[in-house]
$ cat run-v7.pdb   # PDB, C-alpha atoms, pLDDT in the B column
ATOM      1  CA  MET A   1     107.942  59.920  32.831  1.00 52.00           C
ATOM      2  CA  ARG A   2     104.774  60.909  31.018  1.00 52.00           C
ATOM      3  CA  LEU A   3     106.633  60.657  27.699  1.00 48.00           C
ATOM      4  CA  LYS A   4     107.688  57.090  28.504  1.00 50.00           C
ATOM      5  CA  TYR A   5     104.113  56.250  29.471  1.00 47.00           C
ATOM      6  CA  LYS A   6     102.722  57.627  26.210  1.00 52.00           C
ATOM      7  CA  LEU A   7     105.349  55.804  24.168  1.00 50.00           C
ATOM      8  CA  SER A   8     104.588  52.510  25.885  1.00 52.00           C
ATOM      9  CA  ASN A   9     100.894  52.932  25.121  1.00 54.00           C
ATOM     10  CA  LYS A  10     101.609  53.737  21.486  1.00 53.00           C
ATOM     11  CA  VAL A  11     103.818  50.655  21.151  1.00 52.00           C
ATOM     12  CA  PHE A  12     101.105  48.537  22.750  1.00 50.00           C
ATOM     13  CA  ILE A  13      98.394  49.906  20.444  1.00 54.00           C
ATOM     14  CA  LEU A  14     100.591  49.360  17.373  1.00 50.00           C
ATOM     15  CA  LEU A  15     101.301  45.753  18.349  1.00 51.00           C
ATOM     16  CA  LEU A  16      97.616  45.180  19.025  1.00 50.00           C
ATOM     17  CA  ILE A  17      96.675  46.541  15.589  1.00 50.00           C
ATOM     18  CA  LEU A  18      99.275  44.340  13.912  1.00 48.00           C
ATOM     19  CA  GLN A  19      97.966  41.335  15.816  1.00 50.00           C
ATOM     20  CA  SER A  20      94.391  42.088  14.748  1.00 49.00           C
ATOM     21  CA  CYS A  21      95.224  42.399  11.054  1.00 52.00           C
ATOM     22  CA  VAL A  22      94.309  39.439   8.855  1.00 54.00           C
ATOM     23  CA  SER A  23      96.118  38.897   5.580  1.00 65.00           C
ATOM     24  CA  LYS A  24      93.993  39.043   2.425  1.00 67.00           C
ATOM     25  CA  LYS A  25      95.717  35.849   1.291  1.00 75.00           C
ATOM     26  CA  ASN A  26      94.036  34.045   4.160  1.00 76.00           C
ATOM     27  CA  MET A  27      90.604  35.605   3.694  1.00 76.00           C
ATOM     28  CA  LEU A  28      89.696  35.995   0.013  1.00 86.00           C
ATOM     29  CA  TYR A  29      88.067  33.092  -1.820  1.00 86.00           C
ATOM     30  CA  MET A  30      89.505  31.608  -5.017  1.00 85.00           C
ATOM     31  CA  GLN A  31      92.288  34.123  -5.542  1.00 85.00           C
ATOM     32  CA  ASP A  32      93.844  32.271  -8.511  1.00 82.00           C
ATOM     33  CA  LEU A  33      90.804  31.764 -10.754  1.00 78.00           C
ATOM     34  CA  GLN A  34      92.748  33.096 -13.752  1.00 81.00           C
ATOM     35  CA  SER A  35      94.997  30.035 -13.461  1.00 78.00           C
ATOM     36  CA  PHE A  36      92.170  27.544 -14.036  1.00 77.00           C
ATOM     37  CA  ASP A  37      89.592  26.873 -16.720  1.00 76.00           C
ATOM     38  CA  ILE A  38      86.361  26.628 -14.722  1.00 72.00           C
ATOM     39  CA  SER A  39      84.003  27.181 -17.665  1.00 73.00           C
ATOM     40  CA  ARG A  40      82.936  23.524 -17.764  1.00 75.00           C
ATOM     41  CA  VAL A  41      80.210  22.487 -15.340  1.00 72.00           C
ATOM     42  CA  ASP A  42      79.949  18.734 -14.808  1.00 73.00           C
ATOM     43  CA  ASN A  43      76.447  17.497 -14.031  1.00 76.00           C
ATOM     44  CA  ILE A  44      77.504  14.796 -11.583  1.00 79.00           C
ATOM     45  CA  GLN A  45      74.753  12.358 -10.623  1.00 85.00           C
ATOM     46  CA  ASN A  46      75.027  10.495  -7.341  1.00 90.00           C
ATOM     47  CA  THR A  47      74.185   6.800  -7.074  1.00 93.00           C
ATOM     48  CA  PHE A  48      71.799   5.518  -4.426  1.00 95.00           C
ATOM     49  CA  GLN A  49      73.159   4.575  -1.009  1.00 94.00           C
ATOM     50  CA  VAL A  50      71.846   2.348   1.785  1.00 94.00           C
ATOM     51  CA  ASN A  51      69.097   4.082   3.862  1.00 95.00           C
ATOM     52  CA  ASP A  52      68.214   6.536   1.109  1.00 96.00           C
ATOM     53  CA  ILE A  53      64.490   7.302   1.042  1.00 96.00           C
ATOM     54  CA  LEU A  54      62.905   7.592  -2.402  1.00 96.00           C
ATOM     55  CA  LYS A  55      59.674   9.100  -3.613  1.00 95.00           C
ATOM     56  CA  ILE A  56      58.510   7.261  -6.749  1.00 96.00           C
ATOM     57  CA  ASP A  57      55.441   8.305  -8.737  1.00 95.00           C
ATOM     58  CA  ILE A  58      54.206   6.196 -11.667  1.00 97.00           C
ATOM     59  CA  THR A  59      51.534   7.596 -13.970  1.00 95.00           C
ATOM     60  CA  SER A  60      50.089   6.826 -17.386  1.00 94.00           C
ATOM     61  CA  LEU A  61      47.388   8.010 -19.774  1.00 90.00           C
ATOM     62  CA  GLU A  62      44.990   5.649 -18.039  1.00 89.00           C
ATOM     63  CA  THR A  63      45.042   7.049 -14.520  1.00 88.00           C
ATOM     64  CA  LYS A  64      43.242   4.108 -12.943  1.00 92.00           C
ATOM     65  CA  ALA A  65      45.653   1.639 -14.539  1.00 94.00           C
ATOM     66  CA  SER A  66      48.668   3.204 -12.808  1.00 94.00           C
ATOM     67  CA  ILE A  67      47.125   3.370  -9.313  1.00 94.00           C
ATOM     68  CA  PRO A  68      48.209  -0.191  -8.269  1.00 95.00           C
ATOM     69  CA  TYR A  69      51.849   0.672  -9.053  1.00 96.00           C
ATOM     70  CA  ASN A  70      51.971   3.450  -6.460  1.00 95.00           C
ATOM     71  CA  LYS A  71      52.177   3.040  -2.720  1.00 87.00           C
ATOM     72  CA  VAL A  72      48.932   3.903  -0.949  1.00 75.00           C
ATOM     73  CA  SER A  73      49.916   6.923   1.119  1.00 59.00           C
ATOM     74  CA  SER A  74      48.313   8.887   3.902  1.00 49.00           C
ATOM     75  CA  ALA A  75      50.502  11.837   2.994  1.00 47.00           C
ATOM     76  CA  GLY A  76      47.997  12.986   0.383  1.00 51.00           C
ATOM     77  CA  VAL A  77      45.321  13.234   3.075  1.00 46.00           C
ATOM     78  CA  LEU A  78      47.413  14.742   5.842  1.00 50.00           C
ATOM     79  CA  GLY A  79      49.552  16.958   3.647  1.00 56.00           C
ATOM     80  CA  ASN A  80      52.734  16.810   1.609  1.00 66.00           C
ATOM     81  CA  SER A  81      55.303  17.818   4.222  1.00 81.00           C
ATOM     82  CA  LEU A  82      58.787  16.416   3.717  1.00 83.00           C
ATOM     83  CA  GLU A  83      58.617  14.342   6.905  1.00 86.00           C
ATOM     84  CA  LEU A  84      55.339  12.713   5.849  1.00 87.00           C
ATOM     85  CA  LEU A  85      56.757  11.980   2.424  1.00 88.00           C
ATOM     86  CA  LYS A  86      59.760  10.295   4.069  1.00 90.00           C
ATOM     87  CA  ILE A  87      57.507   8.082   6.177  1.00 89.00           C
ATOM     88  CA  ASN A  88      55.695   6.935   3.039  1.00 90.00           C
ATOM     89  CA  GLY A  89      58.803   6.714   0.874  1.00 94.00           C
ATOM     90  CA  TYR A  90      60.772   3.693  -0.343  1.00 97.00           C
ATOM     91  CA  LEU A  91      63.728   2.860   1.910  1.00 97.00           C
ATOM     92  CA  VAL A  92      66.845   1.491   0.215  1.00 97.00           C
ATOM     93  CA  SER A  93      67.744  -1.747   2.018  1.00 97.00           C
ATOM     94  CA  SER A  94      71.188  -2.959   3.076  1.00 95.00           C
ATOM     95  CA  ASN A  95      71.508  -4.849  -0.226  1.00 96.00           C
ATOM     96  CA  LYS A  96      70.434  -1.737  -2.160  1.00 96.00           C
ATOM     97  CA  THR A  97      66.959  -2.817  -3.193  1.00 98.00           C
ATOM     98  CA  ILE A  98      63.482  -1.340  -2.831  1.00 98.00           C
ATOM     99  CA  ILE A  99      60.079  -3.059  -2.863  1.00 97.00           C
ATOM    100  CA  LEU A 100      57.547  -1.601  -5.315  1.00 97.00           C
ATOM    101  CA  PRO A 101      53.860  -2.518  -5.554  1.00 96.00           C
ATOM    102  CA  VAL A 102      53.201  -5.123  -8.293  1.00 96.00           C
ATOM    103  CA  LEU A 103      56.807  -4.970  -9.571  1.00 96.00           C
ATOM    104  CA  GLY A 104      58.293  -6.370  -6.353  1.00 96.00           C
ATOM    105  CA  GLU A 105      61.964  -6.129  -5.420  1.00 97.00           C
ATOM    106  CA  ILE A 106      63.993  -3.756  -7.593  1.00 98.00           C
ATOM    107  CA  SER A 107      67.763  -3.295  -7.368  1.00 98.00           C
ATOM    108  CA  VAL A 108      69.013   0.296  -7.277  1.00 98.00           C
ATOM    109  CA  ASP A 109      72.674  -0.655  -6.892  1.00 96.00           C
ATOM    110  CA  GLY A 110      74.859   1.649  -8.984  1.00 94.00           C
ATOM    111  CA  LYS A 111      71.861   3.549 -10.334  1.00 96.00           C
ATOM    112  CA  THR A 112      71.289   7.301 -10.361  1.00 95.00           C
ATOM    113  CA  ILE A 113      67.869   8.930 -10.218  1.00 95.00           C
ATOM    114  CA  TYR A 114      67.728   9.110 -14.020  1.00 95.00           C
ATOM    115  CA  ASP A 115      68.927   5.507 -14.369  1.00 97.00           C
ATOM    116  CA  LEU A 116      66.131   4.275 -12.115  1.00 98.00           C
ATOM    117  CA  GLU A 117      63.493   6.336 -13.924  1.00 97.00           C
ATOM    118  CA  ALA A 118      64.570   4.929 -17.279  1.00 98.00           C
ATOM    119  CA  TYR A 119      64.814   1.367 -15.913  1.00 98.00           C
ATOM    120  CA  LEU A 120      61.310   1.412 -14.384  1.00 98.00           C
ATOM    121  CA  LYS A 121      59.764   2.993 -17.482  1.00 97.00           C
ATOM    122  CA  ASN A 122      61.299   0.311 -19.701  1.00 97.00           C
ATOM    123  CA  LEU A 123      60.242  -2.457 -17.280  1.00 97.00           C
ATOM    124  CA  LEU A 124      56.639  -1.261 -17.173  1.00 97.00           C
ATOM    125  CA  GLU A 125      56.456  -1.080 -20.992  1.00 96.00           C
ATOM    126  CA  SER A 126      58.404  -4.232 -21.892  1.00 96.00           C
ATOM    127  CA  GLU A 127      56.413  -6.445 -19.501  1.00 95.00           C
ATOM    128  CA  GLY A 128      53.091  -4.993 -20.625  1.00 94.00           C
ATOM    129  CA  HIS A 129      52.153  -3.340 -17.333  1.00 95.00           C
ATOM    130  CA  LEU A 130      51.402   0.149 -18.663  1.00 96.00           C
ATOM    131  CA  ILE A 131      51.321   1.966 -21.995  1.00 93.00           C
ATOM    132  CA  ASN A 132      53.620   4.970 -22.264  1.00 93.00           C
ATOM    133  CA  PRO A 133      54.166   5.354 -18.495  1.00 96.00           C
ATOM    134  CA  ASN A 134      55.844   8.290 -16.775  1.00 96.00           C
ATOM    135  CA  VAL A 135      58.147   7.654 -13.832  1.00 97.00           C
ATOM    136  CA  SER A 136      59.370  10.345 -11.411  1.00 96.00           C
ATOM    137  CA  VAL A 137      61.995   9.568  -8.758  1.00 96.00           C
ATOM    138  CA  ARG A 138      63.160  11.939  -6.024  1.00 94.00           C
ATOM    139  CA  LEU A 139      65.587  11.479  -3.139  1.00 95.00           C
ATOM    140  CA  LEU A 140      63.926  12.773   0.031  1.00 94.00           C
ATOM    141  CA  ASN A 141      66.619  12.587   2.701  1.00 94.00           C
ATOM    142  CA  SER A 142      69.578  14.406   1.139  1.00 94.00           C
ATOM    143  CA  LYS A 143      71.415  16.336   3.823  1.00 95.00           C
ATOM    144  CA  VAL A 144      74.775  17.926   4.573  1.00 97.00           C
ATOM    145  CA  THR A 145      76.256  18.660   7.998  1.00 98.00           C
ATOM    146  CA  ILE A 146      78.395  21.788   8.405  1.00 98.00           C
ATOM    147  CA  LEU A 147      80.370  22.279  11.618  1.00 98.00           C
ATOM    148  CA  GLY A 148      83.035  24.594  13.014  1.00 96.00           C
ATOM    149  CA  GLU A 149      83.694  28.215  12.152  1.00 96.00           C
ATOM    150  CA  VAL A 150      80.517  29.001  10.217  1.00 97.00           C
ATOM    151  CA  LYS A 151      77.805  31.430  11.247  1.00 97.00           C
ATOM    152  CA  LYS A 152      75.058  28.793  11.468  1.00 97.00           C
ATOM    153  CA  PRO A 153      76.457  25.287  12.028  1.00 97.00           C
ATOM    154  CA  GLY A 154      74.005  22.426  11.701  1.00 97.00           C
ATOM    155  CA  THR A 155      72.531  19.759   9.439  1.00 97.00           C
ATOM    156  CA  TYR A 156      70.728  21.028   6.332  1.00 96.00           C
ATOM    157  CA  SER A 157      68.327  19.103   4.099  1.00 93.00           C
ATOM    158  CA  PHE A 158      67.993  19.731   0.376  1.00 91.00           C
ATOM    159  CA  THR A 159      65.743  18.266  -2.300  1.00 84.00           C
ATOM    160  CA  GLU A 160      67.780  19.251  -5.366  1.00 85.00           C
ATOM    161  CA  ASN A 161      69.603  16.473  -7.211  1.00 83.00           C
ATOM    162  CA  ASN A 162      72.842  18.392  -6.767  1.00 84.00           C
ATOM    163  CA  ILE A 163      74.105  21.384  -4.820  1.00 91.00           C
ATOM    164  CA  SER A 164      77.601  22.794  -5.048  1.00 91.00           C
ATOM    165  CA  PHE A 165      80.102  22.973  -2.211  1.00 93.00           C
ATOM    166  CA  LEU A 166      79.781  26.761  -2.134  1.00 93.00           C
ATOM    167  CA  GLN A 167      75.984  26.514  -2.009  1.00 95.00           C
ATOM    168  CA  ALA A 168      76.320  24.227   1.010  1.00 96.00           C
ATOM    169  CA  LEU A 169      78.437  26.820   2.801  1.00 96.00           C
ATOM    170  CA  GLY A 170      75.778  29.375   1.918  1.00 96.00           C
ATOM    171  CA  LEU A 171      73.217  27.297   3.828  1.00 96.00           C
ATOM    172  CA  ALA A 172      75.348  27.878   6.930  1.00 97.00           C
ATOM    173  CA  SER A 173      75.558  31.631   6.145  1.00 95.00           C
ATOM    174  CA  ASP A 174      79.247  31.499   5.165  1.00 95.00           C
ATOM    175  CA  LEU A 175      82.390  31.152   7.248  1.00 96.00           C
ATOM    176  CA  THR A 176      83.119  33.414  10.185  1.00 94.00           C
ATOM    177  CA  ILE A 177      86.160  35.664  10.064  1.00 92.00           C
ATOM    178  CA  ASP A 178      87.919  33.093  12.274  1.00 92.00           C
ATOM    179  CA  GLY A 179      87.439  30.222   9.816  1.00 93.00           C
ATOM    180  CA  ASP A 180      90.592  28.824   8.217  1.00 94.00           C
ATOM    181  CA  ARG A 181      89.756  28.976   4.516  1.00 94.00           C
ATOM    182  CA  LYS A 182      92.813  26.884   3.693  1.00 93.00           C
ATOM    183  CA  ASN A 183      91.880  24.037   6.002  1.00 92.00           C
ATOM    184  CA  ILE A 184      88.354  22.811   5.218  1.00 95.00           C
ATOM    185  CA  ILE A 185      87.773  19.121   5.951  1.00 97.00           C
ATOM    186  CA  LEU A 186      85.242  17.159   3.888  1.00 96.00           C
ATOM    187  CA  ILE A 187      84.160  13.736   5.182  1.00 97.00           C
ATOM    188  CA  ARG A 188      82.321  11.573   2.645  1.00 95.00           C
ATOM    189  CA  GLU A 189      80.766   8.105   2.878  1.00 91.00           C
ATOM    190  CA  SER A 190      80.062   6.131  -0.274  1.00 86.00           C
ATOM    191  CA  ASP A 191      79.398   2.424  -0.802  1.00 85.00           C
ATOM    192  CA  GLY A 192      80.402   1.562   2.761  1.00 85.00           C
ATOM    193  CA  GLU A 193      83.696   3.445   2.677  1.00 90.00           C
ATOM    194  CA  ARG A 194      84.622   6.715   4.390  1.00 94.00           C
ATOM    195  CA  SER A 195      87.097   9.208   2.933  1.00 94.00           C
ATOM    196  CA  THR A 196      88.403  12.569   4.082  1.00 95.00           C
ATOM    197  CA  THR A 197      89.984  15.367   2.099  1.00 94.00           C
ATOM    198  CA  LYS A 198      91.278  18.853   2.796  1.00 95.00           C
ATOM    199  CA  LEU A 199      90.077  21.753   0.651  1.00 94.00           C
ATOM    200  CA  ASP A 200      91.606  25.194   0.180  1.00 93.00           C
ATOM    201  CA  LEU A 201      88.934  27.780  -0.601  1.00 93.00           C
ATOM    202  CA  THR A 202      91.521  30.469  -1.323  1.00 92.00           C
ATOM    203  CA  SER A 203      92.288  28.511  -4.508  1.00 89.00           C
ATOM    204  CA  GLY A 204      89.876  27.817  -7.336  1.00 84.00           C
ATOM    205  CA  SER A 205      91.391  24.387  -8.008  1.00 85.00           C
ATOM    206  CA  PHE A 206      88.631  22.538  -6.143  1.00 83.00           C
ATOM    207  CA  LEU A 207      86.074  23.749  -8.723  1.00 86.00           C
ATOM    208  CA  ASN A 208      87.578  21.258 -11.180  1.00 84.00           C
ATOM    209  CA  SER A 209      87.633  18.381  -8.690  1.00 83.00           C
ATOM    210  CA  SER A 210      85.089  15.750  -7.688  1.00 83.00           C
ATOM    211  CA  TYR A 211      84.432  17.783  -4.545  1.00 88.00           C
ATOM    212  CA  GLN A 212      82.841  20.747  -6.286  1.00 88.00           C
ATOM    213  CA  ASN A 213      79.427  19.141  -5.677  1.00 91.00           C
ATOM    214  CA  ILE A 214      78.010  17.867  -2.420  1.00 92.00           C
ATOM    215  CA  GLN A 215      76.937  14.256  -2.017  1.00 92.00           C
ATOM    216  CA  PRO A 216      74.149  13.349   0.423  1.00 92.00           C
ATOM    217  CA  ASN A 217      75.422  12.870   4.000  1.00 94.00           C
ATOM    218  CA  ASP A 218      78.652  14.807   3.420  1.00 96.00           C
ATOM    219  CA  VAL A 219      80.148  16.444   6.526  1.00 98.00           C
ATOM    220  CA  ILE A 220      82.021  19.752   6.198  1.00 98.00           C
ATOM    221  CA  ILE A 221      84.265  20.881   9.062  1.00 98.00           C
ATOM    222  CA  VAL A 222      85.644  24.423   9.027  1.00 97.00           C
ATOM    223  CA  ASN A 223      88.659  24.552  11.319  1.00 94.00           C
ATOM    224  CA  PRO A 224      89.539  27.757  13.223  1.00 93.00           C
ATOM    225  CA  ASN A 225      92.502  29.815  12.060  1.00 90.00           C
ATOM    226  CA  SER A 226      95.675  30.210  14.142  1.00 82.00           C
ATOM    227  CA  LYS A 227      94.481  33.503  15.625  1.00 80.00           C
ATOM    228  CA  LYS A 228      91.327  31.839  16.949  1.00 79.00           C
ATOM    229  CA  ILE A 229      93.277  28.880  18.331  1.00 78.00           C
ATOM    230  CA  LYS A 230      95.717  31.156  20.149  1.00 73.00           C
ATOM    231  CA  SER A 231      92.888  33.155  21.665  1.00 72.00           C
ATOM    232  CA  ALA A 232      91.550  29.972  23.278  1.00 69.00           C
ATOM    233  CA  GLY A 233      94.387  30.038  25.822  1.00 61.00           C
ATOM    234  CA  LEU A 234      95.371  32.803  28.230  1.00 50.00           C
ATOM    235  CA  ILE A 235      99.106  32.813  27.600  1.00 51.00           C
ATOM    236  CA  GLY A 236      98.762  31.754  23.986  1.00 52.00           C
ATOM    237  CA  ASN A 237      96.810  34.898  23.202  1.00 54.00           C
ATOM    238  CA  ILE A 238      99.360  37.557  22.264  1.00 57.00           C
ATOM    239  CA  SER A 239      96.812  40.306  22.932  1.00 59.00           C
ATOM    240  CA  THR A 240      96.452  39.114  26.527  1.00 61.00           C
ATOM    241  CA  VAL A 241     100.214  38.955  26.971  1.00 61.00           C
ATOM    242  CA  LEU A 242     100.595  42.485  25.600  1.00 63.00           C
ATOM    243  CA  SER A 243      97.842  43.752  27.878  1.00 67.00           C
ATOM    244  CA  ILE A 244      99.529  42.265  30.944  1.00 68.00           C
ATOM    245  CA  ALA A 245     102.900  43.631  29.840  1.00 67.00           C
ATOM    246  CA  SER A 246     101.426  47.086  29.295  1.00 70.00           C
ATOM    247  CA  ILE A 247      99.829  47.101  32.759  1.00 72.00           C
ATOM    248  CA  LEU A 248     103.080  46.002  34.385  1.00 70.00           C
ATOM    249  CA  LEU A 249     105.085  48.574  32.443  1.00 68.00           C
ATOM    250  CA  SER A 250     102.627  51.335  33.309  1.00 69.00           C
ATOM    251  CA  THR A 251     102.730  50.304  36.984  1.00 68.00           C
ATOM    252  CA  ILE A 252     106.553  50.364  37.049  1.00 70.00           C
ATOM    253  CA  ILE A 253     106.629  53.791  35.398  1.00 69.00           C
ATOM    254  CA  LEU A 254     104.097  55.205  37.901  1.00 67.00           C
ATOM    255  CA  ILE A 255     106.048  53.788  40.849  1.00 70.00           C
ATOM    256  CA  GLN A 256     109.257  55.298  39.561  1.00 62.00           C
TER     257      GLN A 256
END
$ encode --input "run-v7.pdb" --output "structure tokens"
Amino acid sequence: MRLKYKLSNKVFILLLILQSCVSKKNMLYMQDLQSFDISRVDNIQNTFQVNDILKIDITSLETKASIPYNKVSSAGVLGNSLELLKINGYLVSSNKTIILPVLGEISVDGKTIYDLEAYLKNLLESEGHLINPNVSVRLLNSKVTILGEVKKPGTYSFTENNISFLQALGLASDLTIDGDRKNIILIRESDGERSTTKLDLTSGSFLNSSYQNIQPNDVIIVNPNSKKIKSAGLIGNISTVLSIASILLSTIILIQ
């Protein structure tokens, strides 16, 4: 009887260990890098979208001459926190324009940060506003939302022109062990259209795609793996079933 009891426990422990094991194929990132040429890094520049908030600074050799071309801001008095800069920034309207002092309404449709800098510099020079002006443009409200099986889900702001998809996951402190690395959903809105795509982080193929870099307002959803989904239900969890079976078997053996 004791022998049967010990054997049943050993079988239960073995099954539990097998259930707990996670295949390396489902856990390791970019396992096939040798199959792709990822040496090229594309410097993708995003175009402005409705409700973007821009910080635009215009300067010249004659400091006083450039003052009228900049928005009078209380941020310089109260501090230069990101939230204050947003309040005093230039909001991109529904028809993708901004209103600048002196220059008036300027279209940013289809323009990147560098396009707008070059356009404003040329406009200021060609129309005789300023001599040899410098124009600096920054996007203040870039953010990415990361949900699901990550260690720190949430919405993260960034001020860089570009961050990579992997950097975005780093903001959320990486995936948990229960995250399905083959089933990452990316939701992207651009020019009034929404698209979704599925990414497989166990393959390096996405490094050569248009999804290697994050666009402002992207949403990343990390779905749970099958083990996590099964554990959400009582009967669906094989470990729970095995535990109940072991208790019943042990009870039967003790009764006998």
$ closest_residue --input "run-v7.pdb" --among "A:Thr145, A:Asn26, A:Asn134, A:Ser107" --to "Leu169 of chain A" --atoms "all atoms listed in the file"
A:Thr145
$ closest_residue --input "run-v7.pdb" --among "A:Pro133, A:Pro216, A:Pro224, A:Gly204" --to "Ser35 of chain A" --atoms "only C-alpha atoms"
A:Gly204
$ resolve_selection --input "run-v7.pdb" --expression "the PyMOL selection byres ((chain A and resi 176-187) around 8)" --output "PyMOL selection string"
chain A and resi 26-27+29+148-151+174-175+188-189+194-202+218-228
$ resolve_selection --input "run-v7.pdb" --expression "the PyMOL selection byres ((chain A and resi 37) around 10)" --output "PyMOL selection string"
chain A and resi 33-36+38-40+204-205+207-208
$ write_last_selection --input "run-v7.pdb" --atoms "C-alpha atoms" --output "short mmCIF file (atom, residue, chain, number, x, y, z; two decimals), keeping the file's coordinate frame"
data_model
loop_
_atom_site.label_atom_id
_atom_site.label_comp_id
_atom_site.auth_asym_id
_atom_site.auth_seq_id
_atom_site.Cartn_x
_atom_site.Cartn_y
_atom_site.Cartn_z
CA LEU A 33 90.80 31.76 -10.75
CA GLN A 34 92.75 33.10 -13.75
CA SER A 35 95.00 30.04 -13.46
CA PHE A 36 92.17 27.54 -14.04
CA ILE A 38 86.36 26.63 -14.72
CA SER A 39 84.00 27.18 -17.66
CA ARG A 40 82.94 23.52 -17.76
CA GLY A 204 89.88 27.82 -7.34
CA SER A 205 91.39 24.39 -8.01
CA LEU A 207 86.07 23.75 -8.72
CA ASN A 208 87.58 21.26 -11.18
#
$ residues_around --input "run-v7.pdb" --residues "Asn122 of chain A" --least-positions-apart "5" --cutoff "12 Å" --atoms "only C-alpha atoms" --output "list in words"
Asp115, Leu116, Glu117, Glu127, Gly128, His129, Leu130, Ile131, Asn132, Pro133, Asn134 and Val135 of chain A
$ closest_residue --input "run-v7.pdb" --among "A:Val50, A:Ala65, A:Leu85, A:Ala172" --to "Val108 of chain A" --atoms "all atoms listed in the file"
A:Val50
$ closest_residue --input "run-v7.pdb" --among "A:Asn217, A:Leu166, A:Leu28, A:Lys55" --to "Leu84 of chain A" --atoms "all atoms listed in the file"
A:Lys55
$ atom_distance --input "run-v7.pdb" --atom1 "atom CA of Ile44 of chain A" --atom2 "atom CA of Gly170 of chain A"
19.9 Å
$ residues_around --input "run-v7.pdb" --residues "Gln49 of chain A" --least-positions-apart "6" --cutoff "10 Å" --atoms "all atoms listed in the file" --output "PyMOL selection string"
chain A and resi 92-97+108-112+189-192+216-217
$ closest_residue --input "run-v7.pdb" --among "A:Lys25, A:Ile113, A:Met30, A:Val41" --to "Ser203 of chain A" --atoms "all atoms listed in the file"
A:Met30
$ resolve_selection --input "run-v7.pdb" --expression "the PyMOL selection byres ((chain A and resi 155) around 7)" --output "ChimeraX atom specification"
/A:143-146,154,156-157
$ atom_distance --input "run-v7.pdb" --atom1 "atom CA of Ile247 of chain A" --atom2 "atom CA of Ser231 of chain A"
19.1 Å
$ residues_around --input "run-v7.pdb" --residues "Tyr69 of chain A" --least-positions-apart "3" --cutoff "10 Å" --atoms "only C-alpha atoms" --output "PyMOL selection string"
chain A and resi 56-59+65-66+72+100-104+124+129-130
$ atom_distance --input "run-v7.pdb" --atom1 "atom CA of Asp52 of chain A" --atom2 "atom CA of Tyr119 of chain A"
18.1 Å
$ closest_residue --input "run-v7.pdb" --among "A:Val137, A:Leu123, A:Leu54, A:Ile67" --to "Leu91 of chain A" --atoms "all atoms listed in the file"
A:Leu54
